[in-house]
>>> print(open('run_23.tsv').read())   # TSV, C-alpha atoms and all ligand atoms
chain	number	residue	atom	x	y	z
A	1	MET	CA	-42.96	-11.66	19.03
A	2	THR	CA	-40.23	-9.17	19.74
A	3	THR	CA	-37.41	-9.40	22.16
A	4	ASN	CA	-35.42	-6.67	23.82
A	5	LYS	CA	-32.50	-8.81	24.90
A	6	LYS	CA	-29.86	-8.65	22.22
A	7	ILE	CA	-28.79	-12.14	21.15
A	8	LEU	CA	-25.34	-12.26	19.60
A	9	LEU	CA	-23.91	-14.92	17.33
A	10	CYS	CA	-21.24	-16.09	19.77
A	11	LEU	CA	-19.98	-13.95	22.60
A	12	ALA	CA	-17.13	-14.57	25.03
A	13	HIS	CA	-18.11	-15.63	28.52
A	14	MET	CA	-15.86	-15.42	31.59
A	15	SER	CA	-15.87	-18.21	34.15
A	16	GLY	CA	-14.97	-15.93	37.03
A	17	ASN	CA	-11.63	-17.69	37.47
A	18	GLU	CA	-9.78	-15.49	34.98
A	19	ARG	CA	-9.27	-12.64	37.44
A	20	ARG	CA	-7.38	-14.86	39.86
A	21	PHE	CA	-4.74	-15.77	37.25
A	22	ILE	CA	-4.44	-12.16	36.14
A	23	ASP	CA	-4.22	-10.85	39.71
A	24	GLU	CA	-1.44	-13.33	40.41
A	25	ALA	CA	0.41	-12.11	37.35
A	26	PHE	CA	0.13	-8.52	38.59
A	27	ALA	CA	1.16	-9.47	42.13
A	28	ASP	CA	4.26	-11.25	40.82
A	29	ASN	CA	4.96	-8.54	38.22
A	30	TRP	CA	4.63	-11.11	35.40
A	31	VAL	CA	3.00	-8.50	33.16
A	32	VAL	CA	5.19	-9.56	30.25
A	33	PRO	CA	5.19	-12.22	27.56
A	34	LEU	CA	6.22	-15.58	29.02
A	35	GLY	CA	5.63	-16.40	32.64
A	36	PRO	CA	3.77	-19.02	34.65
A	37	ASN	CA	0.35	-18.48	33.06
A	38	VAL	CA	1.77	-19.15	29.58
A	39	ASP	CA	3.31	-22.43	30.75
A	40	ALA	CA	0.15	-23.44	32.60
A	41	PHE	CA	-2.12	-22.58	29.67
A	42	GLU	CA	0.05	-24.55	27.26
A	43	SER	CA	0.12	-27.65	29.43
A	44	SER	CA	-3.60	-27.40	30.12
A	45	LEU	CA	-4.29	-27.26	26.36
A	46	ARG	CA	-1.91	-30.14	25.80
A	47	ASP	CA	-3.66	-32.27	28.44
A	48	PHE	CA	-7.03	-31.46	26.91
A	49	LEU	CA	-5.89	-32.35	23.38
A	50	THR	CA	-4.04	-35.57	24.20
A	51	GLY	CA	-6.28	-36.94	26.96
A	52	SER	CA	-5.04	-40.41	27.79
A	53	ASP	CA	-3.98	-41.19	24.22
A	54	GLU	CA	-0.44	-42.60	24.55
A	55	SER	CA	0.21	-42.15	20.83
A	56	LEU	CA	0.00	-38.37	21.36
A	57	SER	CA	2.44	-38.20	24.28
A	58	ARG	CA	5.05	-36.26	22.26
A	59	LEU	CA	2.60	-33.54	21.22
A	60	ARG	CA	3.35	-30.00	22.49
A	61	VAL	CA	1.54	-26.64	22.32
A	62	ALA	CA	2.95	-23.14	21.73
A	63	ALA	CA	0.69	-20.26	22.84
A	64	VAL	CA	0.82	-17.34	20.41
A	65	SER	CA	-0.84	-13.98	19.81
A	66	SER	CA	-3.51	-15.19	17.35
A	67	GLY	CA	-4.76	-18.11	15.32
A	68	THR	CA	-3.42	-16.36	12.24
A	69	ALA	CA	0.06	-16.23	13.83
A	70	ALA	CA	-0.20	-19.95	14.59
A	71	ILE	CA	-1.02	-20.75	10.95
A	72	HIS	CA	1.83	-18.50	9.79
A	73	LEU	CA	4.38	-20.20	12.08
A	74	GLY	CA	3.12	-23.64	11.04
A	75	LEU	CA	3.62	-22.80	7.37
A	76	ILE	CA	7.14	-21.49	8.06
A	77	LEU	CA	8.02	-24.68	9.94
A	78	LEU	CA	6.68	-26.72	7.01
A	79	GLY	CA	9.18	-24.89	4.80
A	80	VAL	CA	6.72	-22.77	2.81
A	81	THR	CA	8.70	-20.04	1.01
A	82	ALA	CA	8.33	-17.56	-1.83
A	83	GLY	CA	7.23	-19.13	-5.09
A	84	ASP	CA	5.63	-22.19	-3.47
A	85	GLU	CA	2.02	-23.19	-3.91
A	86	VAL	CA	-0.05	-24.18	-0.87
A	87	ILE	CA	-3.43	-25.89	-1.14
A	88	CYS	CA	-6.13	-24.28	1.02
A	89	GLN	CA	-9.79	-25.01	1.59
A	90	SER	CA	-11.79	-22.36	-0.26
A	91	PHE	CA	-14.78	-22.36	2.07
A	92	THR	CA	-13.25	-20.64	5.10
A	93	PHE	CA	-12.30	-17.36	6.74
A	94	SER	CA	-9.55	-15.41	4.95
A	95	ALA	CA	-7.15	-15.99	7.88
A	96	SER	CA	-6.74	-19.61	6.72
A	97	ALA	CA	-5.09	-18.36	3.52
A	98	ASN	CA	-3.53	-14.96	4.35
A	99	PRO	CA	-0.38	-16.45	5.96
A	100	ILE	CA	0.30	-18.34	2.72
A	101	VAL	CA	0.60	-14.95	1.04
A	102	TYR	CA	2.70	-13.55	3.94
A	103	GLN	CA	5.26	-16.21	2.92
A	104	GLY	CA	5.22	-15.06	-0.70
A	105	ALA	CA	3.54	-18.31	-1.69
A	106	THR	CA	0.36	-18.75	-3.75
A	107	PRO	CA	-2.83	-20.26	-2.32
A	108	VAL	CA	-4.48	-22.89	-4.52
A	109	PHE	CA	-8.11	-23.22	-3.47
A	110	VAL	CA	-9.99	-26.51	-3.26
A	111	ASP	CA	-13.77	-26.65	-2.88
A	112	SER	CA	-15.80	-28.57	-0.29
A	113	GLU	CA	-17.87	-31.76	-0.26
A	114	PRO	CA	-21.50	-31.56	0.88
A	115	ASP	CA	-21.33	-33.82	3.99
A	116	THR	CA	-18.97	-31.83	6.22
A	117	TRP	CA	-18.74	-28.63	4.09
A	118	ASN	CA	-14.95	-29.06	4.29
A	119	MET	CA	-12.25	-29.89	1.74
A	120	ASP	CA	-13.33	-32.44	-0.85
A	121	PRO	CA	-10.64	-35.19	-0.73
A	122	GLU	CA	-11.20	-36.30	-4.34
A	123	LEU	CA	-10.96	-32.74	-5.63
A	124	LEU	CA	-7.83	-32.33	-3.51
A	125	ASP	CA	-6.24	-35.27	-5.34
A	126	THR	CA	-7.30	-33.85	-8.72
A	127	ALA	CA	-5.93	-30.42	-7.80
A	128	ILE	CA	-2.53	-31.77	-6.73
A	129	ALA	CA	-2.21	-33.88	-9.89
A	130	ASP	CA	-3.08	-30.84	-12.00
A	131	ARG	CA	-0.61	-28.55	-10.18
A	132	VAL	CA	2.16	-31.10	-10.68
A	133	ALA	CA	1.26	-31.41	-14.37
A	134	LYS	CA	1.12	-27.63	-14.86
A	135	THR	CA	4.06	-26.46	-12.74
A	136	GLY	CA	6.28	-29.54	-12.44
A	137	ARG	CA	6.25	-29.12	-8.65
A	138	LYS	CA	4.13	-30.37	-5.80
A	139	PRO	CA	2.30	-27.92	-3.56
A	140	ARG	CA	4.35	-27.46	-0.37
A	141	ALA	CA	1.51	-27.94	2.14
A	142	ILE	CA	-2.24	-28.43	2.55
A	143	VAL	CA	-4.36	-26.22	4.85
A	144	ALA	CA	-7.47	-28.19	5.84
A	145	VAL	CA	-10.18	-26.51	7.92
A	146	HIS	CA	-12.85	-27.79	10.33
A	147	LEU	CA	-15.40	-25.14	9.53
A	148	TYR	CA	-17.91	-24.15	12.21
A	149	GLY	CA	-16.29	-26.91	14.27
A	150	MET	CA	-17.34	-29.70	11.90
A	151	PRO	CA	-14.44	-32.15	11.47
A	152	ALA	CA	-13.23	-32.53	7.89
A	153	LYS	CA	-12.95	-35.98	6.26
A	154	LEU	CA	-9.52	-36.42	7.81
A	155	ASP	CA	-8.91	-40.07	6.90
A	156	GLU	CA	-9.45	-39.35	3.22
A	157	ILE	CA	-7.58	-36.03	3.24
A	158	LEU	CA	-4.60	-37.51	5.11
A	159	ALA	CA	-4.56	-40.47	2.69
A	160	VAL	CA	-4.32	-38.13	-0.32
A	161	ALA	CA	-1.66	-36.07	1.50
A	162	ALA	CA	0.34	-39.23	2.28
A	163	LYS	CA	0.03	-40.47	-1.31
A	164	TRP	CA	1.67	-37.25	-2.53
A	165	ASP	CA	3.87	-36.87	0.55
A	166	ILE	CA	2.60	-33.35	1.31
A	167	PRO	CA	2.21	-32.19	4.95
A	168	VAL	CA	-1.16	-31.05	6.32
A	169	LEU	CA	-1.77	-28.05	8.57
A	170	GLU	CA	-5.12	-28.37	10.34
A	171	ASP	CA	-6.88	-25.06	10.83
A	172	ALA	CA	-8.80	-25.98	13.99
A	173	ALA	CA	-9.45	-22.33	14.92
A	174	GLU	CA	-13.18	-23.05	15.19
A	175	ALA	CA	-12.86	-26.66	16.31
A	176	LEU	CA	-11.51	-26.76	19.86
A	177	GLY	CA	-13.27	-29.78	21.39
A	178	SER	CA	-14.45	-31.31	18.11
A	179	THR	CA	-13.46	-34.95	17.72
A	180	TYR	CA	-12.88	-37.37	14.85
A	181	HIS	CA	-13.00	-41.06	15.75
A	182	GLY	CA	-12.90	-39.81	19.35
A	183	ARG	CA	-9.63	-37.90	18.94
A	184	GLU	CA	-9.38	-34.11	19.23
A	185	CYS	CA	-9.25	-32.08	16.03
A	186	GLY	CA	-5.95	-30.23	15.60
A	187	THR	CA	-3.90	-33.31	16.56
A	188	PHE	CA	-4.07	-35.08	13.18
A	189	GLY	CA	-2.02	-32.84	10.90
A	190	HIS	CA	1.71	-32.14	11.00
A	191	PHE	CA	0.67	-28.95	12.76
A	192	GLY	CA	-2.66	-27.67	14.06
A	193	ALA	CA	-3.82	-24.11	14.75
A	194	LEU	CA	-6.28	-22.91	17.40
A	195	SER	CA	-7.79	-19.44	17.90
A	196	PHE	CA	-8.82	-17.76	21.15
A	197	ASN	CA	-10.33	-14.68	19.60
A	198	GLY	CA	-13.34	-13.14	21.34
A	199	ASN	CA	-15.92	-15.14	19.41
A	200	LYS	CA	-14.31	-18.59	19.40
A	201	MET	CA	-14.92	-21.52	21.78
A	202	ILE	CA	-12.76	-19.92	24.46
A	203	THR	CA	-11.04	-16.56	24.46
A	204	THR	CA	-7.86	-14.96	25.75
A	205	SER	CA	-9.23	-11.64	24.43
A	206	GLY	CA	-7.06	-12.42	21.41
A	207	GLY	CA	-4.68	-15.33	21.04
A	208	GLY	CA	-3.98	-18.66	19.44
A	209	ALA	CA	-1.93	-21.81	19.70
A	210	LEU	CA	0.20	-23.93	17.43
A	211	ILE	CA	-0.17	-27.64	18.07
A	212	CYS	CA	3.23	-29.21	17.37
A	213	PRO	CA	4.23	-32.85	16.92
A	214	ASP	CA	7.10	-32.71	19.43
A	215	GLU	CA	9.20	-30.52	21.72
A	216	ASP	CA	11.75	-29.80	19.00
A	217	SER	CA	9.19	-28.26	16.62
A	218	ARG	CA	7.54	-26.43	19.51
A	219	SER	CA	10.80	-24.80	20.54
A	220	ARG	CA	11.44	-23.74	16.94
A	221	ALA	CA	7.96	-22.17	16.88
A	222	VAL	CA	8.60	-20.33	20.15
A	223	PHE	CA	12.01	-19.18	18.88
A	224	LEU	CA	10.44	-17.66	15.74
A	225	ALA	CA	7.59	-16.18	17.83
A	226	THR	CA	10.09	-14.34	20.08
A	227	GLN	CA	12.07	-12.49	17.38
A	228	ALA	CA	14.39	-15.42	16.53
A	229	ARG	CA	16.88	-14.36	19.15
A	230	GLU	CA	19.95	-16.62	19.20
A	231	PRO	CA	21.43	-17.70	22.55
A	232	PHE	CA	24.16	-15.06	22.88
A	233	PRO	CA	24.79	-12.56	25.68
A	234	TYR	CA	23.90	-9.85	23.13
A	235	TYR	CA	21.06	-9.75	20.58
A	236	GLN	CA	22.18	-11.97	17.71
A	237	HIS	CA	19.79	-12.77	14.82
A	238	GLU	CA	20.41	-15.26	12.03
A	239	GLN	CA	16.89	-15.38	10.60
A	240	ILE	CA	13.78	-13.24	10.51
A	241	GLY	CA	11.66	-13.53	13.62
A	242	TYR	CA	8.20	-12.44	14.73
A	243	ASN	CA	6.64	-10.94	17.84
A	244	TYR	CA	3.95	-13.61	18.08
A	245	ARG	CA	4.11	-14.87	21.66
A	246	LEU	CA	1.03	-14.76	23.91
A	247	SER	CA	1.37	-12.45	26.92
A	248	ASN	CA	1.23	-13.79	30.46
A	249	ILE	CA	-1.89	-11.68	31.11
A	250	SER	CA	-3.76	-13.09	28.10
A	251	ALA	CA	-2.64	-16.59	29.07
A	252	GLY	CA	-4.14	-15.95	32.51
A	253	ILE	CA	-7.52	-15.42	30.86
A	254	GLY	CA	-6.88	-18.65	28.95
A	255	CYS	CA	-6.18	-20.55	32.19
A	256	GLY	CA	-9.50	-19.34	33.58
A	257	GLN	CA	-11.31	-20.29	30.37
A	258	MET	CA	-9.87	-23.82	30.46
A	259	THR	CA	-11.78	-24.40	33.71
A	260	ILE	CA	-15.08	-24.12	31.82
A	261	LEU	CA	-14.12	-25.45	28.38
A	262	ASP	CA	-15.95	-28.76	28.84
A	263	GLU	CA	-19.10	-26.93	29.95
A	264	HIS	CA	-18.91	-24.59	26.97
A	265	ILE	CA	-18.56	-27.46	24.52
A	266	ALA	CA	-21.49	-29.31	26.13
A	267	HIS	CA	-23.62	-26.15	25.92
A	268	HIS	CA	-22.82	-25.52	22.23
A	269	ARG	CA	-23.72	-29.16	21.51
A	270	SER	CA	-26.97	-29.03	23.46
A	271	LEU	CA	-28.10	-25.90	21.58
A	272	ALA	CA	-27.27	-27.62	18.28
A	273	ALA	CA	-29.26	-30.69	19.30
A	274	LEU	CA	-32.24	-28.48	20.15
A	275	TYR	CA	-32.06	-26.55	16.85
A	276	ALA	CA	-31.84	-29.88	15.01
A	277	GLU	CA	-34.84	-31.33	16.86
A	278	LEU	CA	-37.04	-28.25	16.45
A	279	LEU	CA	-36.14	-27.80	12.77
A	280	ALA	CA	-36.46	-31.48	11.85
A	281	ASP	CA	-39.99	-31.12	10.48
A	282	VAL	CA	-39.47	-27.76	8.76
A	283	ASP	CA	-39.51	-28.21	4.98
A	284	GLY	CA	-36.82	-26.32	3.11
A	285	VAL	CA	-34.64	-25.69	6.20
A	286	ASP	CA	-31.81	-28.15	6.84
A	287	PHE	CA	-29.77	-28.17	10.01
A	288	HIS	CA	-26.08	-28.99	9.39
A	289	GLY	CA	-25.58	-31.86	11.81
A	290	ASN	CA	-22.85	-34.48	12.22
A	291	PRO	CA	-22.91	-36.39	8.92
A	292	SER	CA	-21.62	-39.63	10.46
A	293	PRO	CA	-21.03	-41.19	13.87
A	294	ASP	CA	-17.26	-40.85	13.30
A	295	VAL	CA	-17.41	-37.09	13.83
A	296	ASP	CA	-18.54	-35.04	16.80
A	297	SER	CA	-18.60	-31.32	16.06
A	298	ASN	CA	-18.28	-28.82	18.89
A	299	PHE	CA	-21.00	-26.86	17.01
A	300	TRP	CA	-19.09	-23.62	17.55
A	301	LEU	CA	-21.89	-22.12	15.47
A	302	SER	CA	-25.12	-23.85	14.56
A	303	THR	CA	-25.74	-23.55	10.83
A	304	ILE	CA	-28.65	-24.15	8.47
A	305	THR	CA	-29.31	-24.03	4.77
A	306	VAL	CA	-32.52	-22.55	3.44
A	307	ASP	CA	-34.16	-23.49	0.14
A	308	PRO	CA	-36.11	-20.37	-0.91
A	309	GLU	CA	-38.12	-22.33	-3.51
A	310	VAL	CA	-39.69	-24.25	-0.64
A	311	THR	CA	-39.65	-21.65	2.15
A	312	GLY	CA	-40.42	-18.50	0.17
A	313	ILE	CA	-37.60	-16.66	1.97
A	314	THR	CA	-33.84	-16.55	1.46
A	315	ALA	CA	-31.16	-16.96	4.10
A	316	ASP	CA	-30.50	-13.24	3.83
A	317	GLY	CA	-34.22	-12.53	4.23
A	318	LEU	CA	-34.11	-14.45	7.50
A	319	ARG	CA	-30.98	-12.54	8.55
A	320	LEU	CA	-32.77	-9.21	8.02
A	321	HIS	CA	-35.84	-10.45	9.89
A	322	PHE	CA	-33.66	-11.38	12.87
A	323	ALA	CA	-31.72	-8.10	12.74
A	324	ASP	CA	-35.04	-6.32	13.38
A	325	LEU	CA	-35.52	-8.53	16.44
A	326	ASN	CA	-32.06	-7.71	17.81
A	327	VAL	CA	-30.88	-11.24	17.00
A	328	GLU	CA	-27.54	-11.52	15.24
A	329	THR	CA	-27.29	-14.17	12.51
A	330	ARG	CA	-24.69	-14.29	9.74
A	331	LEU	CA	-24.37	-15.61	6.22
A	332	LEU	CA	-21.83	-18.42	5.81
A	333	TRP	CA	-18.21	-17.64	4.89
A	334	LYS	CA	-17.86	-16.32	1.37
A	335	PRO	CA	-15.65	-18.82	-0.48
A	336	LEU	CA	-12.11	-17.52	-0.89
A	337	HIS	CA	-12.03	-18.38	-4.60
A	338	THR	CA	-14.72	-15.68	-5.03
A	339	GLN	CA	-12.91	-13.03	-2.94
A	340	PRO	CA	-11.50	-10.16	-5.02
A	341	VAL	CA	-8.20	-10.27	-3.14
A	342	PHE	CA	-7.58	-13.88	-4.25
A	343	ARG	CA	-8.82	-13.52	-7.83
A	344	THR	CA	-5.48	-14.53	-9.36
A	345	SER	CA	-5.16	-17.72	-7.28
A	346	PRO	CA	-5.85	-21.04	-8.98
A	347	ALA	CA	-9.05	-22.71	-7.78
A	348	TYR	CA	-10.56	-26.18	-8.14
A	349	THR	CA	-14.29	-25.82	-7.68
A	350	ASN	CA	-17.38	-28.00	-7.82
A	351	GLY	CA	-20.17	-25.56	-6.93
A	352	VAL	CA	-20.58	-26.83	-3.34
A	353	SER	CA	-19.26	-23.81	-1.45
A	354	ASP	CA	-20.94	-21.37	-3.86
A	355	GLY	CA	-24.24	-23.15	-3.19
A	356	LEU	CA	-23.70	-23.08	0.58
A	357	PHE	CA	-22.84	-19.39	0.51
A	358	ALA	CA	-26.06	-18.69	-1.40
A	359	ARG	CA	-28.28	-20.67	0.99
A	360	GLY	CA	-26.63	-20.85	4.40
A	361	LEU	CA	-27.06	-19.02	7.69
A	362	CYS	CA	-25.26	-19.14	11.06
A	363	LEU	CA	-27.53	-19.07	14.09
A	364	PRO	CA	-26.64	-17.83	17.59
A	365	SER	CA	-24.73	-20.31	19.76
A	366	GLY	CA	-22.51	-20.19	22.75
A	367	PRO	CA	-22.68	-19.58	26.48
A	368	TRP	CA	-25.00	-16.54	26.37
A	369	VAL	CA	-27.66	-18.29	24.27
A	370	SER	CA	-30.31	-20.25	26.19
A	371	ALA	CA	-32.64	-23.08	25.19
A	372	ASP	CA	-35.51	-20.56	25.32
A	373	ASP	CA	-33.60	-18.32	22.88
A	374	VAL	CA	-33.30	-21.28	20.51
A	375	ARG	CA	-37.05	-21.97	20.80
A	376	MET	CA	-37.81	-18.33	20.05
A	377	ILE	CA	-35.43	-18.31	17.06
A	378	VAL	CA	-36.96	-21.46	15.55
A	379	LYS	CA	-40.46	-20.09	16.11
A	380	GLU	CA	-39.43	-16.93	14.26
A	381	ILE	CA	-37.97	-18.98	11.39
A	382	LYS	CA	-41.25	-20.87	11.10
A	383	SER	CA	-43.24	-17.62	11.14
A	384	CYS	CA	-41.31	-16.41	8.09
A	385	LEU	CA	-42.02	-19.45	5.94
A	386	LYS	CA	-44.58	-19.59	3.17
A	387	LYS	CA	-47.67	-21.27	4.57
B	401	LIG	C1	-10.78	-17.18	13.65
B	401	LIG	C2	-10.17	-18.00	12.56
B	401	LIG	C3	-8.81	-17.91	12.24
B	401	LIG	C4	-7.89	-16.86	12.79
B	401	LIG	O1	-7.81	-16.79	14.16
B	401	LIG	P1	-7.44	-15.36	14.84
B	401	LIG	O2	-7.17	-15.76	16.26
B	401	LIG	O3	-8.64	-14.49	14.71
B	401	LIG	O4	-6.24	-14.84	14.16
B	401	LIG	C5	-8.30	-18.76	11.27
B	401	LIG	N1	-9.09	-19.65	10.66
B	401	LIG	C6	-10.40	-19.77	10.92
B	401	LIG	C7	-11.19	-20.80	10.20
B	401	LIG	C8	-10.99	-18.93	11.87
B	401	LIG	O5	-12.31	-19.02	12.10
>>> encode(input="run_23.tsv", output="structure tokens")
Amino acid sequence: MTTNKKILLCLAHMSGNERRFIDEAFADNWVVPLGPNVDAFESSLRDFLTGSDESLSRLRVAAVSSGTAAIHLGLILLGVTAGDEVICQSFTFSASANPIVYQGATPVFVDSEPDTWNMDPELLDTAIADRVAKTGRKPRAIVAVHLYGMPAKLDEILAVAAKWDIPVLEDAAEALGSTYHGRECGTFGHFGALSFNGNKMITTSGGGALICPDEDSRSRAVFLATQAREPFPYYQHEQIGYNYRLSNISAGIGCGQMTILDEHIAHHRSLAALYAELLADVDGVDFHGNPSPDVDSNFWLSTITVDPEVTGITADGLRLHFADLNVETRLLWKPLHTQPVFRTSPAYTNGVSDGLFARGLCLPSGPWVSADDVRMIVKEIKSCLKK
């Protein structure tokens, strides 16, 4: 079977409400950073993240120009400076680790565990102990990631972090709407980072947010994100700042996207459930589902692993097959400890992320993908398998 419709991995989808917020911004000449859309987007995100959880009432959100900027600001606020070491999940996108290097610090990579594909808490403990033994200093922070939206083993990771008294920055760039014990990912660490790039759960055409524990840390983040301008009648600067604030136009897109966030999350989850159901009886192909009832992934992307010994085809073979059909699939993230740019960084590995990279594939998800598309994709997977 061939298809003419191009199916992309995960494409942005406008609700139709975005234009209203943008038109208002134009009408009021708020075509600048800051403005009513930025405030509204931040409070809408905050309401979404905290829900009715009283224990999160102090939490605040700072809208910034990208998820990478959010991670960078979070690391600065955690005191990461030149010469520090920062632990980072190895199995992730490079943007989780790049801001560590922006600060002149060294990433120390920790491998994943097989249930969630995220940071292995036991290996994290081993890595910290070894860094302390080797350098005489503790790593300054831990960057934990919820990859593909799948929540990491937060209880265990936070327990190790507390034992060593090291703060955690949650990279929730892919995990908007994912929950752990019913609470939103991004609200567990000392800081959390979200991304609104074009291919994430919602988009502002480019943007991000730093989830902060309180108003004080949020205002420090906003201060740094607006060139660290001191309150003087002239431009006075006492530290290095950044131009990281989200514009009022982009935030208008974000306000529109918030009106359909719940629908988007439900759609991603329903596609994942369908992939899981249709692939359940396929030998050698495993759908990466929620490993326990404690976690509820947003299934930003649906992912599988393929055992070529059983199926007769590799994950990359499937990718090429789908490329011919105009269907975009993608291999999993290449672990950062294997990236040339990070070759001098210490790494604590166990083979899990290397194995996933060799066998895994991301399948199309998101608002433009239909249940019929999923049926077609699974049928095509089955047609490729050794009979
Ligand atoms: C997308 C992404 C980021 C960076 O977000 P940008 O908004 O693209 O800067 C960081 N970490 C992970 C895991 C991501 O997927």
>>> residues_near_ligand(input="run_23.tsv", ligand="ligand LIG 401 (chain B)", cutoff="6 Å", atoms="all atoms listed in the file", output="PyMOL selection string")
chain A and resi 66-68+92-93+95-96+171+173-174+195-197+207-208
>>> atom_distance(input="run_23.tsv", atom1="atom CA of A:Ser205", atom2="atom CA of A:Asn29")
20.0 Å
>>> residues_near_point(input="run_23.tsv", point="(-14.5, -27.6, -4.0)", cutoff="10 Å", atoms="all atoms listed in the file", output="list in words")
Gln89, Ser90, Phe91, Phe109, Val110, Asp111, Ser112, Glu113, Pro114, Trp117, Asn118, Met119, Asp120, Pro121, Glu122, Leu123, Leu124, Ala127, Pro335, His337, Ala347, Tyr348, Thr349, Asn350, Gly351, Val352, Ser353 and Asp354 of chain A
>>> write_last_selection(input="run_23.tsv", atoms="C-alpha atoms", output="short mmCIF file (atom, residue, chain, number, x, y, z; two decimals), in the coordinates of the input")
data_model
loop_
_atom_site.label_atom_id
_atom_site.label_comp_id
_atom_site.auth_asym_id
_atom_site.auth_seq_id
_atom_site.Cartn_x
_atom_site.Cartn_y
_atom_site.Cartn_z
CA GLN A 89 -9.79 -25.01 1.59
CA SER A 90 -11.79 -22.36 -0.26
CA PHE A 91 -14.78 -22.36 2.07
CA PHE A 109 -8.11 -23.22 -3.47
CA VAL A 110 -9.99 -26.51 -3.26
CA ASP A 111 -13.77 -26.65 -2.88
CA SER A 112 -15.80 -28.57 -0.29
CA GLU A 113 -17.87 -31.76 -0.26
CA PRO A 114 -21.50 -31.56 0.88
CA TRP A 117 -18.74 -28.63 4.09
CA ASN A 118 -14.95 -29.06 4.29
CA MET A 119 -12.25 -29.89 1.74
CA ASP A 120 -13.33 -32.44 -0.85
CA PRO A 121 -10.64 -35.19 -0.73
CA GLU A 122 -11.20 -36.30 -4.34
CA LEU A 123 -10.96 -32.74 -5.63
CA LEU A 124 -7.83 -32.33 -3.51
CA ALA A 127 -5.93 -30.42 -7.80
CA PRO A 335 -15.65 -18.82 -0.48
CA HIS A 337 -12.03 -18.38 -4.60
CA ALA A 347 -9.05 -22.71 -7.78
CA TYR A 348 -10.56 -26.18 -8.14
CA THR A 349 -14.29 -25.82 -7.68
CA ASN A 350 -17.38 -28.00 -7.82
CA GLY A 351 -20.17 -25.56 -6.93
CA VAL A 352 -20.58 -26.83 -3.34
CA SER A 353 -19.26 -23.81 -1.45
CA ASP A 354 -20.94 -21.37 -3.86
#
>>> closest_residue(input="run_23.tsv", among="A:Ile249, A:Val101, A:Ala315, A:Leu210", to="A:Thr81", atoms="all atoms listed in the file")
A:Val101
>>> atom_distance(input="run_23.tsv", atom1="atom CA of A:Val378", atom2="atom CA of A:Pro291")
21.5 Å
>>> residues_near_point(input="run_23.tsv", point="(-41.9, -18.5, 10.7)", cutoff="12 Å", atoms="all atoms listed in the file", output="PyMOL selection string")
chain A and resi 1+279+282-283+285+311-313+317-318+321-322+375-387
>>> atom_distance(input="run_23.tsv", atom1="atom CA of A:Glu42", atom2="atom CA of A:Ser302")
28.2 Å
>>> closest_residue(input="run_23.tsv", among="A:Gln257, A:Ser270, A:Thr314, A:Ser297", to="A:Ser44", atoms="all atoms listed in the file")
A:Gln257
>>> residues_around(input="run_23.tsv", residues="A:Ala272", least_positions_apart="6", cutoff="8 Å", atoms="all atoms listed in the file", output="ChimeraX atom specification")
/A:289,299,302,365
>>> closest_atom_pairs(input="run_23.tsv", of="stretch 160-211 of chain A", to="stretch 11-24 of chain A", cutoff="10 Å", atoms="only C-alpha atoms", output="JSON lines")
{"residue": "A:Phe196", "atom": "CA", "partner": "A:Ala12", "partner_atom": "CA", "distance": 9.7}
{"residue": "A:Asn197", "atom": "CA", "partner": "A:Ala12", "partner_atom": "CA", "distance": 8.7}
{"residue": "A:Gly198", "atom": "CA", "partner": "A:Ala12", "partner_atom": "CA", "distance": 5.5}
{"residue": "A:Asn199", "atom": "CA", "partner": "A:Leu11", "partner_atom": "CA", "distance": 5.3}
{"residue": "A:Lys200", "atom": "CA", "partner": "A:Ala12", "partner_atom": "CA", "distance": 7.5}
{"residue": "A:Met201", "atom": "CA", "partner": "A:Ala12", "partner_atom": "CA", "distance": 8.0}
{"residue": "A:Ile202", "atom": "CA", "partner": "A:Ala12", "partner_atom": "CA", "distance": 6.9}
{"residue": "A:Thr203", "atom": "CA", "partner": "A:Ala12", "partner_atom": "CA", "distance": 6.4}
{"residue": "A:Thr204", "atom": "CA", "partner": "A:Ala12", "partner_atom": "CA", "distance": 9.3}
{"residue": "A:Ser205", "atom": "CA", "partner": "A:Ala12", "partner_atom": "CA", "distance": 8.4}
>>> closest_residue(input="run_23.tsv", among="A:Thr187, A:Phe26, A:Gly284, A:Glu277", to="A:Val310", atoms="all atoms listed in the file")
A:Gly284
>>> closest_residue(input="run_23.tsv", among="A:Ile260, A:Ser55, A:Val145, A:Leu8", to="A:Leu363", atoms="only C-alpha atoms")
A:Leu8
>>> closest_atom_pairs(input="run_23.tsv", of="stretch 31-148 of chain A", to="stretch 181-184 of chain A", cutoff="10 Å", atoms="only C-alpha atoms", output="JSON lines")
{"residue": "A:Phe48", "atom": "CA", "partner": "A:Glu184", "partner_atom": "CA", "distance": 8.5}
{"residue": "A:Leu49", "atom": "CA", "partner": "A:Glu184", "partner_atom": "CA", "distance": 5.7}
{"residue": "A:Thr50", "atom": "CA", "partner": "A:Glu184", "partner_atom": "CA", "distance": 7.4}
{"residue": "A:Gly51", "atom": "CA", "partner": "A:Arg183", "partner_atom": "CA", "distance": 8.7}
{"residue": "A:Asp53", "atom": "CA", "partner": "A:Arg183", "partner_atom": "CA", "distance": 8.4}
{"residue": "A:Leu56", "atom": "CA", "partner": "A:Arg183", "partner_atom": "CA", "distance": 9.9}
>>> closest_residue(input="run_23.tsv", among="A:Gly74, A:Gly254, A:Gly83, A:Gly241", to="A:Pro213", atoms="all atoms listed in the file")
A:Gly74
>>> closest_residue(input="run_23.tsv", among="A:Val374, A:Leu59, A:Ile304, A:Ile100", to="A:Ser345", atoms="all atoms listed in the file")
A:Ile100
